[in-house]
>>> print(open('run_0.txt').read())   # compact mmCIF, C-alpha atoms (C1' of nucleotides)
# COMPACT_ATOMS: atom_id res chain seq x y z
CA MET A 15 -6.00 -8.45 -39.02
CA ALA A 16 -4.28 -5.10 -38.63
CA VAL A 17 -3.58 -5.53 -34.94
CA SER A 18 -3.32 -8.76 -33.00
CA ARG A 19 -6.11 -9.74 -30.64
CA ARG A 20 -3.69 -9.47 -27.77
CA ASP A 21 -2.65 -5.93 -28.65
CA HIS A 22 -6.23 -4.88 -29.15
CA LEU A 23 -7.13 -6.32 -25.77
CA VAL A 24 -4.33 -4.45 -24.03
CA ASP A 25 -5.26 -1.18 -25.75
CA THR A 26 -8.91 -1.49 -24.79
CA ALA A 27 -8.05 -2.45 -21.22
CA LEU A 28 -5.65 0.49 -20.99
CA GLU A 29 -8.33 2.92 -22.05
CA LEU A 30 -11.01 1.55 -19.72
CA PHE A 31 -8.68 1.18 -16.74
CA HIS A 32 -7.56 4.75 -17.12
CA ARG A 33 -11.07 6.10 -17.57
CA ASP A 34 -12.96 4.09 -14.94
CA GLY A 35 -10.31 2.60 -12.68
CA PHE A 36 -9.06 -0.95 -12.23
CA HIS A 37 -11.49 -2.48 -9.75
CA ALA A 38 -14.43 -0.68 -11.36
CA THR A 39 -13.61 -2.13 -14.77
CA GLY A 40 -14.77 -5.71 -15.12
CA ILE A 41 -13.33 -8.27 -17.49
CA ASP A 42 -16.69 -8.52 -19.22
CA ARG A 43 -16.70 -4.86 -20.17
CA ILE A 44 -13.23 -5.09 -21.65
CA LEU A 45 -14.36 -8.07 -23.69
CA ALA A 46 -17.56 -6.36 -24.86
CA GLU A 47 -15.70 -3.18 -25.78
CA SER A 48 -12.94 -4.99 -27.64
CA GLY A 49 -15.13 -7.68 -29.20
CA VAL A 50 -12.79 -10.40 -28.05
CA ALA A 51 -13.92 -13.70 -26.56
CA LYS A 52 -13.23 -14.51 -22.94
CA MET A 53 -11.21 -17.60 -23.76
CA THR A 54 -8.94 -15.57 -26.01
CA LEU A 55 -8.17 -13.27 -23.10
CA TYR A 56 -7.35 -16.15 -20.81
CA LYS A 57 -5.18 -17.74 -23.46
CA HIS A 58 -2.97 -14.65 -23.53
CA PHE A 59 -3.16 -13.71 -19.83
CA LYS A 60 -3.29 -15.89 -16.77
CA SER A 61 -5.48 -13.44 -14.84
CA LYS A 62 -6.88 -9.93 -14.75
CA ASP A 63 -3.80 -8.82 -12.84
CA GLU A 64 -1.60 -10.03 -15.70
CA LEU A 65 -3.67 -7.95 -18.10
CA ILE A 66 -3.25 -4.94 -15.83
CA LEU A 67 0.51 -5.48 -15.79
CA ALA A 68 0.55 -5.68 -19.59
CA ALA A 69 -1.42 -2.42 -19.76
CA LEU A 70 1.06 -0.77 -17.38
CA ARG A 71 4.00 -1.94 -19.48
CA ARG A 72 2.47 -0.62 -22.68
CA ARG A 73 1.58 2.67 -21.08
CA ASP A 74 5.06 3.08 -19.63
CA GLU A 75 6.64 2.45 -23.00
CA ARG A 76 4.30 4.79 -24.86
CA PHE A 77 4.34 7.60 -22.32
CA ARG A 78 8.09 7.73 -21.96
CA ASN A 79 8.63 7.53 -25.69
CA TRP A 80 6.14 10.33 -26.24
CA LEU A 81 7.65 12.46 -23.48
CA MET A 82 11.23 12.06 -24.71
CA ARG A 83 10.39 12.76 -28.35
CA GLU A 84 8.30 15.77 -27.36
CA ILE A 85 11.07 17.22 -25.19
CA GLU A 86 13.72 16.60 -27.83
CA ARG A 87 11.51 18.21 -30.44
CA LEU A 88 10.74 21.30 -28.32
CA ASP A 89 14.30 22.28 -27.53
CA LYS A 90 17.75 21.36 -28.73
CA THR A 91 19.78 22.54 -25.74
CA PRO A 92 20.13 20.43 -22.59
CA ARG A 93 19.14 23.29 -20.35
CA GLY A 94 16.18 24.21 -22.53
CA ARG A 95 15.01 20.62 -22.45
CA LEU A 96 14.85 20.69 -18.67
CA LEU A 97 12.24 23.40 -19.05
CA ALA A 98 10.56 21.82 -22.07
CA VAL A 99 9.62 18.99 -19.73
CA PHE A 100 6.86 21.25 -18.46
CA ASP A 101 5.65 22.26 -21.90
CA ALA A 102 5.25 18.58 -22.71
CA LEU A 103 3.49 18.13 -19.38
CA ALA A 104 1.11 20.98 -20.15
CA ALA A 105 0.23 19.33 -23.44
CA TYR A 106 -0.34 16.06 -21.60
CA CYS A 107 -2.68 17.64 -19.05
CA GLU A 108 -4.69 19.30 -21.79
CA MET A 109 -5.34 16.12 -23.73
CA ARG A 110 -8.98 15.29 -24.26
CA HIS A 111 -9.19 12.29 -21.98
CA PHE A 112 -6.68 13.42 -19.37
CA GLY A 113 -7.20 11.30 -16.30
CA GLY A 114 -4.19 12.00 -14.16
CA CYS A 115 -1.17 9.74 -13.97
CA PHE A 116 -2.04 6.16 -14.86
CA PHE A 117 0.65 4.86 -12.52
CA VAL A 118 -0.36 6.99 -9.56
CA ASN A 119 -3.90 5.75 -10.06
CA ALA A 120 -2.67 2.16 -10.20
CA ALA A 121 -0.65 2.58 -7.02
CA ALA A 122 -3.68 4.13 -5.35
CA GLU A 123 -5.76 1.02 -6.01
CA TYR A 124 -2.97 -1.47 -5.30
CA GLY A 125 -1.44 0.09 -2.23
CA SER A 126 0.68 -2.78 -0.99
CA ARG A 127 4.26 -2.05 -1.92
CA GLU A 128 4.81 -5.74 -2.60
CA ASP A 129 2.01 -5.93 -5.14
CA PRO A 130 3.47 -6.40 -8.65
CA ILE A 131 1.16 -3.66 -9.90
CA HIS A 132 2.49 -1.19 -7.35
CA VAL A 133 6.03 -2.31 -8.18
CA ALA A 134 5.42 -1.64 -11.88
CA ALA A 135 4.18 1.86 -11.06
CA ALA A 136 7.27 2.52 -8.95
CA GLU A 137 9.48 1.28 -11.75
CA HIS A 138 7.90 3.71 -14.19
CA LYS A 139 8.60 6.59 -11.84
CA ARG A 140 12.18 5.44 -11.50
CA LEU A 141 12.64 5.41 -15.28
CA VAL A 142 11.21 8.90 -15.68
CA PHE A 143 13.49 10.14 -12.93
CA THR A 144 16.49 8.55 -14.61
CA TYR A 145 15.65 10.32 -17.87
CA VAL A 146 15.31 13.70 -16.15
CA ARG A 147 18.54 13.13 -14.29
CA GLY A 148 20.23 12.59 -17.64
CA LEU A 149 18.88 15.92 -18.84
CA ALA A 150 20.07 17.64 -15.66
CA ALA A 151 23.54 16.16 -16.00
CA ALA A 152 23.75 17.17 -19.66
CA ALA A 153 22.69 20.69 -18.70
CA GLY A 154 25.65 20.91 -16.38
CA ALA A 155 24.00 20.59 -13.00
CA ALA A 156 26.54 20.24 -10.23
CA ASP A 157 24.21 17.86 -8.42
CA ALA A 158 22.09 16.22 -11.11
CA ASP A 159 20.34 13.93 -8.65
CA THR A 160 19.05 16.80 -6.54
CA LEU A 161 17.94 18.92 -9.47
CA ALA A 162 16.26 15.95 -11.14
CA ARG A 163 14.42 15.17 -7.92
CA GLN A 164 13.20 18.73 -7.59
CA ILE A 165 11.99 18.76 -11.18
CA THR A 166 10.22 15.42 -10.90
CA LEU A 167 8.55 16.54 -7.66
CA LEU A 168 7.17 19.54 -9.54
CA MET A 169 6.06 17.27 -12.39
CA GLU A 170 4.19 14.96 -10.04
CA GLY A 171 2.64 17.89 -8.25
CA ALA A 172 1.50 19.45 -11.50
CA ILE A 173 -0.16 16.29 -12.80
CA VAL A 174 -1.89 15.37 -9.56
CA THR A 175 -3.11 18.93 -8.96
CA ALA A 176 -4.40 19.31 -12.50
CA TYR A 177 -6.28 16.05 -12.07
CA VAL A 178 -7.59 16.13 -8.51
CA ALA A 179 -8.17 19.84 -8.07
CA GLY A 180 -9.02 20.42 -11.73
CA ILE A 181 -6.73 23.42 -11.96
CA ALA A 182 -5.52 24.49 -15.38
CA ASP A 183 -1.94 25.44 -16.16
CA THR A 184 -0.33 23.80 -13.16
CA ALA A 185 2.41 22.74 -15.56
CA GLY A 186 3.05 26.38 -16.43
CA GLN A 187 3.33 27.30 -12.77
CA ALA A 188 5.62 24.34 -12.19
CA LYS A 189 7.74 25.57 -15.11
CA ASP A 190 8.18 28.97 -13.47
CA ALA A 191 9.33 27.26 -10.27
CA ALA A 192 11.64 24.97 -12.21
CA GLN A 193 13.29 27.95 -13.89
CA ILE A 194 14.27 29.34 -10.51
CA LEU A 195 15.55 25.99 -9.29
CA ILE A 196 17.53 25.39 -12.47
CA ALA A 197 19.14 28.82 -12.25
CA ALA A 198 20.17 28.06 -8.69
CA ALA A 199 21.50 24.58 -9.51
CA ILE A 200 23.46 25.13 -12.69
CA PRO A 201 26.67 27.18 -12.52
CA PRO A 202 26.39 30.27 -14.75
CA ALA A 203 29.45 29.17 -16.70
CA SER A 204 27.59 26.09 -17.87
CA SER A 205 24.29 27.79 -18.42
CA ALA A 206 25.18 29.05 -21.88
CA VAL A 207 26.15 25.64 -23.17
CA MET B 5 -20.98 4.25 24.76
CA ALA B 6 -17.78 6.21 24.46
CA VAL B 7 -18.18 6.87 20.77
CA SER B 8 -21.38 6.78 18.76
CA ARG B 9 -22.00 3.93 16.38
CA ARG B 10 -21.94 6.38 13.52
CA ASP B 11 -18.55 7.77 14.49
CA HIS B 12 -17.12 4.33 15.00
CA LEU B 13 -18.40 3.32 11.58
CA VAL B 14 -16.79 6.32 9.90
CA ASP B 15 -13.47 5.72 11.67
CA THR B 16 -13.37 2.07 10.68
CA ALA B 17 -14.35 2.86 7.11
CA LEU B 18 -11.67 5.55 6.94
CA GLU B 19 -8.98 3.15 8.02
CA LEU B 20 -10.02 0.37 5.65
CA PHE B 21 -10.59 2.66 2.69
CA HIS B 22 -7.15 4.15 3.13
CA ARG B 23 -5.46 0.80 3.59
CA ASP B 24 -7.18 -1.26 0.90
CA GLY B 25 -8.93 1.24 -1.37
CA PHE B 26 -12.57 2.10 -1.88
CA HIS B 27 -13.80 -0.46 -4.39
CA ALA B 28 -11.72 -3.18 -2.78
CA THR B 29 -13.28 -2.56 0.63
CA GLY B 30 -16.73 -4.12 0.91
CA ILE B 31 -19.48 -2.99 3.25
CA ASP B 32 -19.40 -6.37 4.95
CA ARG B 33 -15.78 -5.97 5.96
CA ILE B 34 -16.40 -2.57 7.46
CA LEU B 35 -19.29 -4.05 9.44
CA ALA B 36 -17.27 -7.04 10.63
CA GLU B 37 -14.34 -4.84 11.63
CA SER B 38 -16.50 -2.32 13.48
CA GLY B 39 -18.96 -4.80 14.97
CA VAL B 40 -21.90 -2.77 13.74
CA ALA B 41 -25.01 -4.24 12.18
CA LYS B 42 -25.80 -3.61 8.55
CA MET B 43 -29.11 -1.97 9.28
CA THR B 44 -27.39 0.50 11.58
CA LEU B 45 -25.11 1.54 8.75
CA TYR B 46 -28.00 2.06 6.38
CA LYS B 47 -29.88 4.02 9.00
CA HIS B 48 -27.06 6.55 9.18
CA PHE B 49 -26.02 6.50 5.50
CA LYS B 50 -28.11 6.17 2.40
CA SER B 51 -25.41 4.28 0.54
CA LYS B 52 -21.77 3.28 0.50
CA ASP B 53 -20.96 6.49 -1.36
CA GLU B 54 -22.45 8.51 1.50
CA LEU B 55 -20.22 6.65 3.92
CA ILE B 56 -17.22 7.41 1.70
CA LEU B 57 -18.17 11.10 1.69
CA ALA B 58 -18.43 11.08 5.48
CA ALA B 59 -14.99 9.48 5.69
CA LEU B 60 -13.58 12.15 3.36
CA ARG B 61 -15.09 14.92 5.45
CA ARG B 62 -13.66 13.49 8.66
CA ARG B 63 -10.28 12.96 7.12
CA ASP B 64 -10.21 16.49 5.71
CA GLU B 65 -11.04 17.95 9.09
CA ARG B 66 -8.51 15.84 10.96
CA PHE B 67 -5.68 16.20 8.48
CA ARG B 68 -5.93 19.95 8.16
CA ASN B 69 -6.24 20.42 11.90
CA TRP B 70 -3.22 18.22 12.44
CA LEU B 71 -1.21 20.00 9.73
CA MET B 72 -1.99 23.49 11.00
CA ARG B 73 -1.25 22.67 14.63
CA GLU B 74 1.97 20.93 13.68
CA ILE B 75 3.16 23.86 11.56
CA GLU B 76 2.22 26.40 14.21
CA ARG B 77 4.01 24.33 16.82
CA LEU B 78 7.19 23.92 14.74
CA ASP B 79 7.82 27.56 14.01
CA LYS B 80 6.51 30.89 15.23
CA THR B 81 7.52 33.07 12.29
CA PRO B 82 5.44 33.22 9.10
CA ARG B 83 8.43 32.57 6.88
CA GLY B 84 9.61 29.70 9.05
CA ARG B 85 6.16 28.17 8.90
CA LEU B 86 6.32 28.07 5.12
CA LEU B 87 9.27 25.74 5.50
CA ALA B 88 7.85 23.89 8.50
CA VAL B 89 5.15 22.68 6.11
CA PHE B 90 7.70 20.19 4.83
CA ASP B 91 8.78 19.04 8.27
CA ALA B 92 5.17 18.25 9.02
CA LEU B 93 4.94 16.50 5.67
CA ALA B 94 8.03 14.43 6.45
CA ALA B 95 6.43 13.33 9.71
CA TYR B 96 3.25 12.45 7.82
CA CYS B 97 5.11 10.33 5.26
CA GLU B 98 6.94 8.47 8.01
CA MET B 99 3.82 7.47 9.89
CA ARG B 100 3.36 3.77 10.39
CA HIS B 101 0.44 3.28 8.06
CA PHE B 102 1.34 5.91 5.50
CA GLY B 103 -0.67 5.20 2.39
CA GLY B 104 -0.29 8.30 0.29
CA CYS B 105 -2.83 11.06 0.10
CA PHE B 106 -6.32 9.81 0.93
CA PHE B 107 -7.86 12.38 -1.41
CA VAL B 108 -5.60 11.64 -4.35
CA ASN B 109 -6.46 7.98 -3.90
CA ALA B 110 -10.16 8.82 -3.80
CA ALA B 111 -9.93 10.92 -6.95
CA ALA B 112 -8.03 8.08 -8.64
CA GLU B 113 -10.90 5.67 -8.03
CA TYR B 114 -13.66 8.19 -8.74
CA GLY B 115 -12.24 9.92 -11.77
CA SER B 116 -15.29 11.72 -13.04
CA ARG B 117 -14.95 15.36 -12.08
CA GLU B 118 -18.70 15.52 -11.44
CA ASP B 119 -18.62 12.67 -8.94
CA PRO B 120 -19.30 14.02 -5.43
CA ILE B 121 -16.34 12.01 -4.16
CA HIS B 122 -14.00 13.63 -6.65
CA VAL B 123 -15.51 17.02 -5.81
CA ALA B 124 -14.82 16.45 -2.10
CA ALA B 125 -11.20 15.59 -2.87
CA ALA B 126 -10.84 18.75 -4.94
CA GLU B 127 -12.34 20.81 -2.13
CA HIS B 128 -9.80 19.44 0.33
CA LYS B 129 -6.98 20.46 -1.99
CA ARG B 130 -8.49 23.91 -2.30
CA LEU B 131 -8.61 24.31 1.48
CA VAL B 132 -5.00 23.25 1.93
CA PHE B 133 -3.96 25.69 -0.79
CA THR B 134 -5.88 28.48 0.91
CA TYR B 135 -4.08 27.79 4.17
CA VAL B 136 -0.65 27.81 2.51
CA ARG B 137 -1.54 31.00 0.67
CA GLY B 138 -2.29 32.60 4.03
CA LEU B 139 1.15 31.55 5.27
CA ALA B 140 2.77 32.99 2.14
CA ALA B 141 0.94 36.28 2.51
CA ALA B 142 1.87 36.53 6.18
CA ALA B 143 5.49 35.84 5.27
CA GLY B 144 5.45 38.86 2.98
CA ALA B 145 5.34 37.23 -0.43
CA ALA B 146 4.76 39.76 -3.17
CA ASP B 147 2.65 37.22 -5.05
CA ALA B 148 1.21 34.90 -2.39
CA ASP B 149 -0.84 32.96 -4.92
CA THR B 150 2.17 32.02 -7.01
CA LEU B 151 4.36 31.08 -4.06
CA ALA B 152 1.55 29.07 -2.46
CA ARG B 153 1.01 27.21 -5.71
CA GLN B 154 4.69 26.39 -6.01
CA ILE B 155 4.78 25.13 -2.44
CA THR B 156 1.66 23.02 -2.78
CA LEU B 157 3.00 21.53 -6.01
CA LEU B 158 6.10 20.44 -4.11
CA MET B 159 3.91 19.06 -1.30
CA GLU B 160 1.84 16.98 -3.71
CA GLY B 161 4.94 15.78 -5.48
CA ALA B 162 6.58 14.76 -2.23
CA ILE B 163 3.58 12.77 -0.98
CA VAL B 164 2.91 10.99 -4.25
CA THR B 165 6.58 10.18 -4.82
CA ALA B 166 7.04 8.88 -1.30
CA TYR B 167 4.00 6.66 -1.79
CA VAL B 168 4.28 5.42 -5.37
CA ALA B 169 8.03 5.24 -5.77
CA GLY B 170 8.64 4.39 -2.12
CA ILE B 171 11.39 6.98 -1.81
CA ALA B 172 12.26 8.26 1.65
CA ASP B 173 12.83 11.90 2.49
CA THR B 174 11.08 13.36 -0.52
CA ALA B 175 9.71 15.95 1.91
CA GLY B 176 13.24 16.95 2.84
CA GLN B 177 14.17 17.37 -0.82
CA ALA B 178 11.01 19.36 -1.40
CA LYS B 179 11.96 21.56 1.54
CA ASP B 180 15.31 22.37 -0.04
CA ALA B 181 13.55 23.37 -3.24
CA ALA B 182 11.00 25.42 -1.30
CA GLN B 183 13.77 27.34 0.44
CA ILE B 184 15.11 28.50 -2.91
CA LEU B 185 11.65 29.44 -4.17
CA ILE B 186 10.81 31.31 -0.97
CA ALA B 187 14.05 33.26 -1.11
CA ALA B 188 13.22 34.25 -4.66
CA ALA B 189 9.62 35.20 -3.88
CA ILE B 190 9.91 37.15 -0.67
CA PRO B 191 11.60 40.58 -0.78
CA PRO B 192 14.65 40.60 1.52
CA ALA B 193 13.19 43.54 3.44
CA SER B 194 10.29 41.37 4.58
CA SER B 195 12.35 38.26 5.21
CA ALA B 196 13.46 39.32 8.64
CA VAL B 197 9.94 39.99 9.90
C1' DC C 2 -44.77 -2.79 33.83
C1' DA C 3 -45.44 -1.00 29.32
C1' DA C 4 -43.98 1.55 25.41
C1' DT C 5 -40.62 3.18 22.48
C1' DA C 6 -36.32 3.52 20.24
C1' DT C 7 -32.30 1.50 18.78
C1' DA C 8 -29.43 -2.08 18.27
C1' DT C 9 -28.60 -6.90 16.85
C1' DA C 10 -28.04 -11.29 13.66
C1' DG C 11 -28.63 -13.06 9.59
C1' DA C 12 -31.42 -14.51 5.60
C1' DC C 13 -32.28 -12.84 1.21
C1' DA C 14 -32.35 -10.57 -3.48
C1' DG C 15 -30.38 -9.40 -7.80
C1' DA C 16 -26.45 -8.12 -9.94
C1' DC C 17 -21.75 -8.63 -11.00
C1' DC C 18 -17.12 -10.58 -10.15
C1' DG C 19 -13.05 -13.50 -12.12
C1' DG C 20 -12.34 -17.65 -14.18
C1' DT C 21 -13.45 -22.42 -16.49
C1' DC C 22 -15.71 -25.13 -19.73
C1' DT C 23 -18.01 -26.91 -24.01
C1' DA C 24 -19.32 -26.62 -28.53
C1' DT C 25 -19.09 -24.29 -32.79
C1' DA C 26 -17.34 -21.36 -36.71
C1' DC C 27 -13.78 -20.01 -39.75
C1' DA C 28 -9.61 -19.62 -41.63
C1' DT C 29 -5.13 -21.58 -43.32
C1' DT C 30 -2.26 -25.24 -44.68
C1' DC C 31 -1.17 -29.86 -46.13
C1' DG D 27 -11.06 -32.08 -49.13
C1' DA D 28 -9.22 -33.10 -44.56
C1' DA D 29 -6.71 -31.58 -40.69
C1' DT D 30 -5.10 -28.12 -37.68
C1' DG D 31 -5.13 -23.93 -35.08
C1' DT D 32 -7.49 -20.10 -33.46
C1' DA D 33 -11.25 -17.58 -32.83
C1' DT D 34 -16.15 -17.37 -31.42
C1' DA D 35 -20.59 -17.40 -28.20
C1' DG D 36 -22.28 -18.30 -24.16
C1' DA D 37 -23.46 -21.45 -20.31
C1' DC D 38 -21.78 -22.16 -15.91
C1' DC D 39 -19.39 -21.98 -11.21
C1' DG D 40 -18.58 -20.25 -6.63
C1' DG D 41 -18.03 -16.16 -4.57
C1' DT D 42 -18.79 -11.25 -3.47
C1' DC D 43 -21.06 -6.94 -4.14
C1' DT D 44 -24.65 -3.35 -2.35
C1' DG D 45 -28.80 -2.97 -0.34
C1' DT D 46 -33.44 -4.73 1.90
C1' DC D 47 -35.93 -7.42 4.90
C1' DT D 48 -37.62 -9.84 9.19
C1' DA D 49 -37.33 -11.05 13.71
C1' DT D 50 -35.13 -10.58 18.06
C1' DA D 51 -32.61 -8.41 21.90
C1' DT D 52 -31.58 -4.56 24.82
C1' DA D 53 -31.89 -0.18 26.92
C1' DT D 54 -34.26 3.90 28.11
C1' DT D 55 -38.26 6.42 29.43
C1' DG D 56 -43.02 7.28 30.82
>>> encode(input="run_0.txt", output="structure tokens")
Amino acid sequence: MAVSRRDHLVDTALELFHRDGFHATGIDRILAESGVAKMTLYKHFKSKDELILAALRRRDERFRNWLMREIERLDKTPRGRLLAVFDALAAYCEMRHFGGCFFVNAAAEYGSREDPIHVAAAEHKRLVFTYVRGLAAAAGAADADTLARQITLLMEGAIVTAYVAGIADTAGQAKDAAQILIAAAIPPASSAV
Amino acid sequence: MAVSRRDHLVDTALELFHRDGFHATGIDRILAESGVAKMTLYKHFKSKDELILAALRRRDERFRNWLMREIERLDKTPRGRLLAVFDALAAYCEMRHFGGCFFVNAAAEYGSREDPIHVAAAEHKRLVFTYVRGLAAAAGAADADTLARQITLLMEGAIVTAYVAGIADTAGQAKDAAQILIAAAIPPASSAV
DNA sequence: CAATATATAGACAGACCGGTCTATACATTC
DNA sequence: GAATGTATAGACCGGTCTGTCTATATATTG
């Protein structure tokens, strides 16, 4: 088989969870869609929650890899990459089956901050922030933490607004705001690097 | 009775939906918590979805009233009110039972953009944007639409980051960013008004 | 008092939930 | 060819879901 049963199961679950939500997606539908037997699922995962966690891990890995490659492809300069973040985001929001941020949606359904699913969502956000902070530091920001926080706030706002309010080009508007914030945060001497 | 059965039902549903989510909150729990009989619920609402819509309407009304009063109380100048938005937001995020944005959570569970629940969430976002745009225009922004969009993007980012990532003071960091954007958007001549 | 409206409790239906179990089919490997 | 491991289908369990129903209690109003 080209892809293992387990991988296929996680991919199918990921797609259905993102499209229909976690509680609204029953185990039986995932099995029917993937053509996998119930016992095979429960051999690989102890429970539905474990399957959700596996889907979150896969999504985190794929999304961050995609985002980083896209940003590194779009611009070669550190400062340019801080802005390219929003071009990548625009592409993300315009994808065919855009359904908002998978991790925000997960946290919305599993609101308890102690829930492993909520924890996994928080961890994803932390990793994205860390990546952006690296970009900000490389671009010469005096306070990389603050600039990275401002940029990630705009990113979150753009995704959630595109999804909930259905407004196009929020990423472009966020990019315009980011440009102003970057200019204010990075000393002119470093801006040409 | 001090409050009608219908109102009590909506209030209880609102609280449980926000705490535990929509799919995870069963009709029976709402009835047990509110002490209302099932037939009374179905006399006032055709279905669970209708009850959810009523909860969204009540929440929209209450939240926007609270936000506007808070902002108008915090600062008397139009420009100051644009920043006071984030002080109100900070207070909101620090409330005891803060559970993110009720409307973002609703849209996360009812992802289809045609779903009346998703539509109601989008409408709430539109109304908040309209209010902020009014503040921006009153503050003398040359392009009130653009500034209002930037500010609402920061608001959304702050709420979702405080909730999902569990980070404190995102509203304060958003306020710092907003100050820079406001300074860039409002002509100095108007800034003293 | 009688009539009406509105509330109650709780059984009930039919579907679906997550999860367990048995029995069977189909490879691969010895 | 026999044995092993892994997949399959699908019955089954107890519980919960939304929504409907009946029968009863209570309060108001004529």
>>> closest_residue(input="run_0.txt", among="C:DC22, C:DA3, C:DA10, C:DC17", to="chain B", atoms="all atoms listed in the file")
C:DA10
>>> atom_distance(input="run_0.txt", atom1="CA of Val168 in chain B", atom2="CA of Cys115 in chain A")
11.1 Å
>>> closest_atom_pairs(input="run_0.txt", of="chain A", to="chain C", cutoff="10 Å", atoms="all atoms listed in the file", output="Markdown table")
| residue | atom | partner | partner_atom | distance |
| --- | --- | --- | --- | --- |
| A:His37 | CA | C:DC18 | C1' | 9.9 |
| A:Gly40 | CA | C:DC18 | C1' | 7.3 |
| A:Ile41 | CA | C:DG19 | C1' | 7.5 |
| A:Asp42 | CA | C:DC18 | C1' | 9.3 |
| A:Lys52 | CA | C:DG20 | C1' | 9.3 |
| A:Met53 | CA | C:DT21 | C1' | 9.0 |
| A:Tyr56 | CA | C:DG20 | C1' | 8.4 |
| A:Lys60 | CA | C:DG20 | C1' | 9.6 |
| A:Ser61 | CA | C:DG19 | C1' | 8.0 |
| A:Lys62 | CA | C:DG19 | C1' | 7.6 |
>>> atom_distance(input="run_0.txt", atom1="CA of Ala191 in chain A", atom2="CA of Asp79 in chain B")
24.3 Å
>>> closest_residue(input="run_0.txt", among="B:Ala142, B:Val123, B:Leu71, B:Ala88", to="chain A", atoms="all atoms listed in the file")
B:Val123
>>> interface_residues(input="run_0.txt", of="chain D", to="chain B", cutoff="12 Å", atoms="all atoms listed in the file", output="NGL selection string")
:D and (42-48 or 53)
>>> interface_residues(input="run_0.txt", of="chain A", to="chain B", cutoff="9 Å", atoms="all atoms listed in the file", output="ChimeraX atom specification")
/A:32-38,113-127,132-133,135-140,160-161,163-164,166-175,177-180,184,187-188,190-191,194-195,198
>>> atom_distance(input="run_0.txt", atom1="CA of Phe90 in chain B", atom2="CA of Arg137 in chain B")
14.8 Å
>>> closest_residue(input="run_0.txt", among="B:Ala17, B:Val7, B:Ala172, B:Leu139", to="Leu57 in chain B", atoms="all atoms listed in the file")
B:Ala17
>>> residues_around(input="run_0.txt", residues="Asp101 in chain A", least_positions_apart="4", cutoff="9 Å", atoms="all atoms listed in the file", output="ChimeraX atom specification")
/A:84-85,88,97,105-106,185-186,189
>>> build_atoms(input="run_0.txt", residues="range 40-51 of chain B", atoms="N, CA and C atoms", output="PDB file, keeping the file's coordinate frame")
ATOM      1  N   VAL B  40     -20.618  -3.475  13.863  1.00  0.00           N
ATOM      2  CA  VAL B  40     -21.900  -2.770  13.740  1.00  0.00           C
ATOM      3  C   VAL B  40     -22.789  -3.542  12.775  1.00  0.00           C
ATOM      4  N   ALA B  41     -24.076  -3.506  13.034  1.00  0.00           N
ATOM      5  CA  ALA B  41     -25.010  -4.240  12.180  1.00  0.00           C
ATOM      6  C   ALA B  41     -25.268  -3.465  10.894  1.00  0.00           C
ATOM      7  N   LYS B  42     -25.614  -4.215   9.854  1.00  0.00           N
ATOM      8  CA  LYS B  42     -25.800  -3.610   8.550  1.00  0.00           C
ATOM      9  C   LYS B  42     -26.921  -2.574   8.544  1.00  0.00           C
ATOM     10  N   MET B  43     -27.986  -2.892   9.261  1.00  0.00           N
ATOM     11  CA  MET B  43     -29.110  -1.970   9.280  1.00  0.00           C
ATOM     12  C   MET B  43     -28.748  -0.638   9.960  1.00  0.00           C
ATOM     13  N   THR B  44     -27.837  -0.726  10.908  1.00  0.00           N
ATOM     14  CA  THR B  44     -27.390   0.500  11.580  1.00  0.00           C
ATOM     15  C   THR B  44     -26.635   1.400  10.598  1.00  0.00           C
ATOM     16  N   LEU B  45     -25.829   0.755   9.772  1.00  0.00           N
ATOM     17  CA  LEU B  45     -25.110   1.540   8.750  1.00  0.00           C
ATOM     18  C   LEU B  45     -26.105   2.240   7.838  1.00  0.00           C
ATOM     19  N   TYR B  46     -27.081   1.476   7.354  1.00  0.00           N
ATOM     20  CA  TYR B  46     -28.000   2.060   6.380  1.00  0.00           C
ATOM     21  C   TYR B  46     -29.050   2.961   7.020  1.00  0.00           C
ATOM     22  N   LYS B  47     -29.042   3.017   8.357  1.00  0.00           N
ATOM     23  CA  LYS B  47     -29.880   4.020   9.000  1.00  0.00           C
ATOM     24  C   LYS B  47     -29.152   5.364   9.005  1.00  0.00           C
ATOM     25  N   HIS B  48     -27.847   5.303   9.124  1.00  0.00           N
ATOM     26  CA  HIS B  48     -27.060   6.550   9.180  1.00  0.00           C
ATOM     27  C   HIS B  48     -26.640   7.046   7.795  1.00  0.00           C
ATOM     28  N   PHE B  49     -26.490   6.116   6.845  1.00  0.00           N
ATOM     29  CA  PHE B  49     -26.020   6.500   5.500  1.00  0.00           C
ATOM     30  C   PHE B  49     -26.912   5.870   4.448  1.00  0.00           C
ATOM     31  N   LYS B  50     -27.247   6.663   3.470  1.00  0.00           N
ATOM     32  CA  LYS B  50     -28.110   6.170   2.400  1.00  0.00           C
ATOM     33  C   LYS B  50     -27.437   5.104   1.553  1.00  0.00           C
ATOM     34  N   SER B  51     -26.124   5.207   1.417  1.00  0.00           N
ATOM     35  CA  SER B  51     -25.410   4.280   0.540  1.00  0.00           C
ATOM     36  C   SER B  51     -23.937   4.247   0.919  1.00  0.00           C
TER      37      SER B  51
END
